[in-house]
Amino acid sequence: MQALLKHLLAAVLMALTALACAADDPQAFVVIAHASVGRVDAATLQRLYTGRAIEAGGVPVTVVNAAPGSAVRERFLNQIVKLDDDRYVAYWTVRRHVGKGVPPHDLKTAAEVINFVQNTPGGLGYITAAELRPGLNVVFRP
């Protein structure tokens, strides 16, 4: 009973934190991952999203992007990858042309990102803080 109470309290605190973040900045993002992935730092995220790394903490990772043109994607790319969307697409166009990999898949909605992450071992993506819900494995907060 006490363990259940602790779990419920942790879930409520996480939800309140997400709401507070969303209220302060509706475009704030969090990086979520499958339960098999541990915490990551900004440098690791940059390497993952530019194809220069394929694992985090020894776990093979598959990253996905939010929809092109979305505010959360722009914020993530600017803060973490240090490129705007046009330059990011151009970067991957060149990289693919020279045989250095393929860009992460773009998913249309936060629900698709959440579903992918929860059901794909090593899955990793980002959503707005407002879309965060209990049970998600948050591996990075800016």
# chains A, B, ... in the order shown; residues from 1 in each chain; ligands from 1

$ residues_around --residues "stretch 61-78 of chain A" --least-positions-apart "2" --cutoff "7 Å" --atoms "only C-alpha atoms" --output "PDB file with N, CA and C atoms, in the first residue's frame"
ATOM      1  N   GLN A  27       6.449  26.146 -25.388  1.00  0.00           N
ATOM      2  CA  GLN A  27       7.278  25.460 -26.381  1.00  0.00           C
ATOM      3  C   GLN A  27       8.406  24.661 -25.741  1.00  0.00           C
ATOM      4  N   PHE A  29      10.497  21.712 -24.315  1.00  0.00           N
ATOM      5  CA  PHE A  29      10.441  20.310 -24.713  1.00  0.00           C
ATOM      6  C   PHE A  29      11.124  19.434 -23.673  1.00  0.00           C
ATOM      7  N   TYR A  49      21.195  12.813 -33.161  1.00  0.00           N
ATOM      8  CA  TYR A  49      20.340  13.441 -34.184  1.00  0.00           C
ATOM      9  C   TYR A  49      21.104  13.896 -35.431  1.00  0.00           C
ATOM     10  N   ILE A  54      25.028   6.085 -32.514  1.00  0.00           N
ATOM     11  CA  ILE A  54      23.849   5.226 -32.660  1.00  0.00           C
ATOM     12  C   ILE A  54      23.470   4.560 -31.343  1.00  0.00           C
ATOM     13  N   GLU A  55      24.175   4.932 -30.275  1.00  0.00           N
ATOM     14  CA  GLU A  55      23.829   4.376 -28.975  1.00  0.00           C
ATOM     15  C   GLU A  55      24.051   5.408 -27.882  1.00  0.00           C
ATOM     16  N   ALA A  56      23.392   5.173 -26.772  1.00  0.00           N
ATOM     17  CA  ALA A  56      23.525   6.035 -25.595  1.00  0.00           C
ATOM     18  C   ALA A  56      23.697   5.121 -24.387  1.00  0.00           C
ATOM     19  N   VAL A  59      23.390   1.410 -25.077  1.00  0.00           N
ATOM     20  CA  VAL A  59      22.117   0.911 -25.597  1.00  0.00           C
ATOM     21  C   VAL A  59      21.921   1.451 -27.013  1.00  0.00           C
ATOM     22  N   ILE A  80      19.472  21.975 -29.371  1.00  0.00           N
ATOM     23  CA  ILE A  80      20.288  20.769 -29.218  1.00  0.00           C
ATOM     24  C   ILE A  80      21.214  20.537 -30.413  1.00  0.00           C
ATOM     25  N   VAL A  81      20.679  20.589 -31.609  1.00  0.00           N
ATOM     26  CA  VAL A  81      21.471  20.283 -32.802  1.00  0.00           C
ATOM     27  C   VAL A  81      22.214  21.521 -33.307  1.00  0.00           C
ATOM     28  N   LYS A  82      21.747  22.686 -32.896  1.00  0.00           N
ATOM     29  CA  LYS A  82      22.355  23.967 -33.282  1.00  0.00           C
ATOM     30  C   LYS A  82      22.192  24.263 -34.769  1.00  0.00           C
ATOM     31  N   LEU A  83      21.074  23.787 -35.351  1.00  0.00           N
ATOM     32  CA  LEU A  83      20.725  24.052 -36.743  1.00  0.00           C
ATOM     33  C   LEU A  83      19.252  24.392 -36.825  1.00  0.00           C
ATOM     34  N   ASP A  84      18.886  25.249 -37.788  1.00  0.00           N
ATOM     35  CA  ASP A  84      17.453  25.438 -38.034  1.00  0.00           C
ATOM     36  C   ASP A  84      16.983  24.282 -38.919  1.00  0.00           C
ATOM     37  N   ASP A  85      15.679  24.188 -39.137  1.00  0.00           N
ATOM     38  CA  ASP A  85      15.126  23.045 -39.854  1.00  0.00           C
ATOM     39  C   ASP A  85      15.674  22.949 -41.279  1.00  0.00           C
ATOM     40  N   PRO A 104      16.576  10.724 -39.162  1.00  0.00           N
ATOM     41  CA  PRO A 104      15.524  10.148 -38.318  1.00  0.00           C
ATOM     42  C   PRO A 104      14.162  10.331 -38.973  1.00  0.00           C
ATOM     43  N   HIS A 105      13.275   9.401 -38.725  1.00  0.00           N
ATOM     44  CA  HIS A 105      11.906   9.513 -39.242  1.00  0.00           C
ATOM     45  C   HIS A 105      11.194  10.678 -38.567  1.00  0.00           C
ATOM     46  N   ASP A 106      10.332  11.346 -39.327  1.00  0.00           N
ATOM     47  CA  ASP A 106       9.489  12.417 -38.807  1.00  0.00           C
ATOM     48  C   ASP A 106       8.131  11.826 -38.449  1.00  0.00           C
ATOM     49  N   LEU A 107       7.660  12.094 -37.247  1.00  0.00           N
ATOM     50  CA  LEU A 107       6.334  11.647 -36.824  1.00  0.00           C
ATOM     51  C   LEU A 107       5.437  12.871 -36.703  1.00  0.00           C
ATOM     52  N   LYS A 108       4.172  12.709 -37.041  1.00  0.00           N
ATOM     53  CA  LYS A 108       3.257  13.848 -37.163  1.00  0.00           C
ATOM     54  C   LYS A 108       2.766  14.420 -35.841  1.00  0.00           C
ATOM     55  N   THR A 109       2.597  13.576 -34.834  1.00  0.00           N
ATOM     56  CA  THR A 109       1.998  14.052 -33.589  1.00  0.00           C
ATOM     57  C   THR A 109       2.803  13.577 -32.384  1.00  0.00           C
ATOM     58  N   GLY A 122      14.964   1.040 -27.309  1.00  0.00           N
ATOM     59  CA  GLY A 122      15.944   2.020 -27.754  1.00  0.00           C
ATOM     60  C   GLY A 122      15.329   3.249 -28.405  1.00  0.00           C
ATOM     61  N   GLY A 123      14.014   3.337 -28.458  1.00  0.00           N
ATOM     62  CA  GLY A 123      13.340   4.483 -29.071  1.00  0.00           C
ATOM     63  C   GLY A 123      13.549   5.752 -28.263  1.00  0.00           C
ATOM     64  N   LEU A 124      13.735   6.879 -28.967  1.00  0.00           N
ATOM     65  CA  LEU A 124      13.968   8.163 -28.311  1.00  0.00           C
ATOM     66  C   LEU A 124      13.378   9.263 -29.174  1.00  0.00           C
ATOM     67  N   GLY A 125      12.680  10.208 -28.541  1.00  0.00           N
ATOM     68  CA  GLY A 125      12.087  11.339 -29.259  1.00  0.00           C
ATOM     69  C   GLY A 125      11.833  12.479 -28.297  1.00  0.00           C
ATOM     70  N   ILE A 127       8.990  15.753 -27.124  1.00  0.00           N
ATOM     71  CA  ILE A 127       7.633  16.288 -27.135  1.00  0.00           C
ATOM     72  C   ILE A 127       7.639  17.584 -26.332  1.00  0.00           C
ATOM     73  N   THR A 128       6.557  18.342 -26.400  1.00  0.00           N
ATOM     74  CA  THR A 128       6.480  19.525 -25.548  1.00  0.00           C
ATOM     75  C   THR A 128       6.240  19.072 -24.106  1.00  0.00           C
TER      76      THR A 128
END

$ residues_around --residues "A:Val139" --least-positions-apart "2" --cutoff "9 Å" --atoms "only C-alpha atoms" --output "list of chain:residue names"
A:Val30, A:Val31, A:Ile32, A:Ala33, A:Val37, A:Gly38, A:Arg39, A:Val40, A:Asp41, A:Leu124, A:Asn137, A:Arg141

$ closest_residue --among "A:Asp25, A:Gly51, A:Ser36, A:Thr44" --to "A:Arg95" --atoms "only C-alpha atoms"
A:Gly51

$ atom_distance --atom1 "atom CA of A:Leu45" --atom2 "atom CA of A:Gly57"
11.7 Å

$ residues_around --residues "A:Ala42" --least-positions-apart "4" --cutoff "9 Å" --atoms "only C-alpha atoms" --output "PyMOL selection string"
chain A and resi 46-47+79-81+140+142

$ write_last_selection --atoms "C-alpha atoms" --output "PDB file, in the first residue's frame"
ATOM      1  CA  GLN A  46      23.349  16.204 -30.815  1.00  0.00           C
ATOM      2  CA  ARG A  47      25.448  13.218 -31.928  1.00  0.00           C
ATOM      3  CA  GLN A  79      18.838  24.251 -28.850  1.00  0.00           C
ATOM      4  CA  ILE A  80      20.288  20.769 -29.218  1.00  0.00           C
ATOM      5  CA  VAL A  81      21.471  20.283 -32.802  1.00  0.00           C
ATOM      6  CA  PHE A 140      16.655  14.927 -20.817  1.00  0.00           C
ATOM      7  CA  PRO A 142      16.915  21.494 -21.099  1.00  0.00           C
TER       8      PRO A 142
END

$ select_by_dssp --residues "stretch 8-138 of chain A" --states "strand (DSSP E)" --output "ChimeraX atom specification"
/A:29-33,55-56,59-60,62-65,105-106,123-128,137-138

$ write_last_selection --atoms "N, CA and C atoms" --output "short mmCIF file (atom, residue, chain, number, x, y, z; two decimals), in the first residue's frame"
data_model
loop_
_atom_site.label_atom_id
_atom_site.label_comp_id
_atom_site.auth_asym_id
_atom_site.auth_seq_id
_atom_site.Cartn_x
_atom_site.Cartn_y
_atom_site.Cartn_z
N PHE A 29 10.50 21.71 -24.32
CA PHE A 29 10.44 20.31 -24.71
C PHE A 29 11.12 19.43 -23.67
N VAL A 30 10.80 18.16 -23.72
CA VAL A 30 11.48 17.14 -22.95
C VAL A 30 11.80 16.00 -23.91
N VAL A 31 12.88 15.30 -23.63
CA VAL A 31 13.25 14.15 -24.44
C VAL A 31 12.82 12.91 -23.67
N ILE A 32 12.09 12.05 -24.35
CA ILE A 32 11.59 10.83 -23.74
C ILE A 32 12.19 9.64 -24.48
N ALA A 33 12.26 8.52 -23.79
CA ALA A 33 12.84 7.32 -24.39
C ALA A 33 12.19 6.07 -23.84
N GLU A 55 24.18 4.93 -30.27
CA GLU A 55 23.83 4.38 -28.97
C GLU A 55 24.05 5.41 -27.88
N ALA A 56 23.39 5.17 -26.77
CA ALA A 56 23.52 6.03 -25.59
C ALA A 56 23.70 5.12 -24.39
N VAL A 59 23.39 1.41 -25.08
CA VAL A 59 22.12 0.91 -25.60
C VAL A 59 21.92 1.45 -27.01
N PRO A 60 21.71 0.57 -28.02
CA PRO A 60 21.40 1.06 -29.37
C PRO A 60 20.13 1.90 -29.34
N THR A 62 17.25 4.43 -31.47
CA THR A 62 16.61 4.87 -32.71
C THR A 62 15.86 6.15 -32.39
N VAL A 63 16.29 7.27 -33.02
CA VAL A 63 15.67 8.55 -32.73
C VAL A 63 14.61 8.89 -33.77
N VAL A 64 13.62 9.67 -33.34
CA VAL A 64 12.60 10.19 -34.24
C VAL A 64 12.45 11.68 -34.00
N ASN A 65 12.00 12.37 -35.04
CA ASN A 65 11.77 13.81 -34.97
C ASN A 65 10.28 14.12 -34.90
N HIS A 105 13.27 9.40 -38.72
CA HIS A 105 11.91 9.51 -39.24
C HIS A 105 11.19 10.68 -38.57
N ASP A 106 10.33 11.35 -39.33
CA ASP A 106 9.49 12.42 -38.81
C ASP A 106 8.13 11.83 -38.45
N GLY A 123 14.01 3.34 -28.46
CA GLY A 123 13.34 4.48 -29.07
C GLY A 123 13.55 5.75 -28.26
N LEU A 124 13.74 6.88 -28.97
CA LEU A 124 13.97 8.16 -28.31
C LEU A 124 13.38 9.26 -29.17
N GLY A 125 12.68 10.21 -28.54
CA GLY A 125 12.09 11.34 -29.26
C GLY A 125 11.83 12.48 -28.30
N TYR A 126 11.24 13.53 -28.79
CA TYR A 126 10.97 14.70 -27.96
C TYR A 126 9.55 15.18 -28.19
N ILE A 127 8.99 15.75 -27.12
CA ILE A 127 7.63 16.29 -27.13
C ILE A 127 7.64 17.58 -26.33
N THR A 128 6.56 18.34 -26.40
CA THR A 128 6.48 19.53 -25.55
C THR A 128 6.24 19.07 -24.11
N ASN A 137 9.43 7.85 -19.72
CA ASN A 137 10.82 7.88 -19.28
C ASN A 137 11.48 9.16 -19.81
N VAL A 138 11.57 10.18 -18.98
CA VAL A 138 12.19 11.44 -19.38
C VAL A 138 13.70 11.28 -19.20
#

$ atom_distance --atom1 "atom CA of A:Asn119" --atom2 "atom CA of A:His34"
7.2 Å

$ residues_around --residues "A:Gly101" --least-positions-apart "4" --cutoff "12 Å" --atoms "only C-alpha atoms" --output "list in words"
Leu48, Tyr49, Thr50, Gly51, Arg52, Ala53, Ile54, Tyr91, Trp92, Thr93, Val94, Arg95, Arg96 and His97 of chain A

$ atom_distance --atom1 "atom CA of A:Ala130" --atom2 "atom CA of A:Ala28"
8.0 Å

$ select_by_dssp --residues "stretch 11-139 of chain A" --states "alpha helix (DSSP H)" --output "VMD selection string"
chain A and resid 11 to 24 42 to 49 71 to 76 85 to 97 110 to 119

$ closest_residue --among "A:Ala35, A:Glu131, A:Ala43, A:Tyr88" --to "A:Val113" --atoms "only C-alpha atoms"
A:Glu131
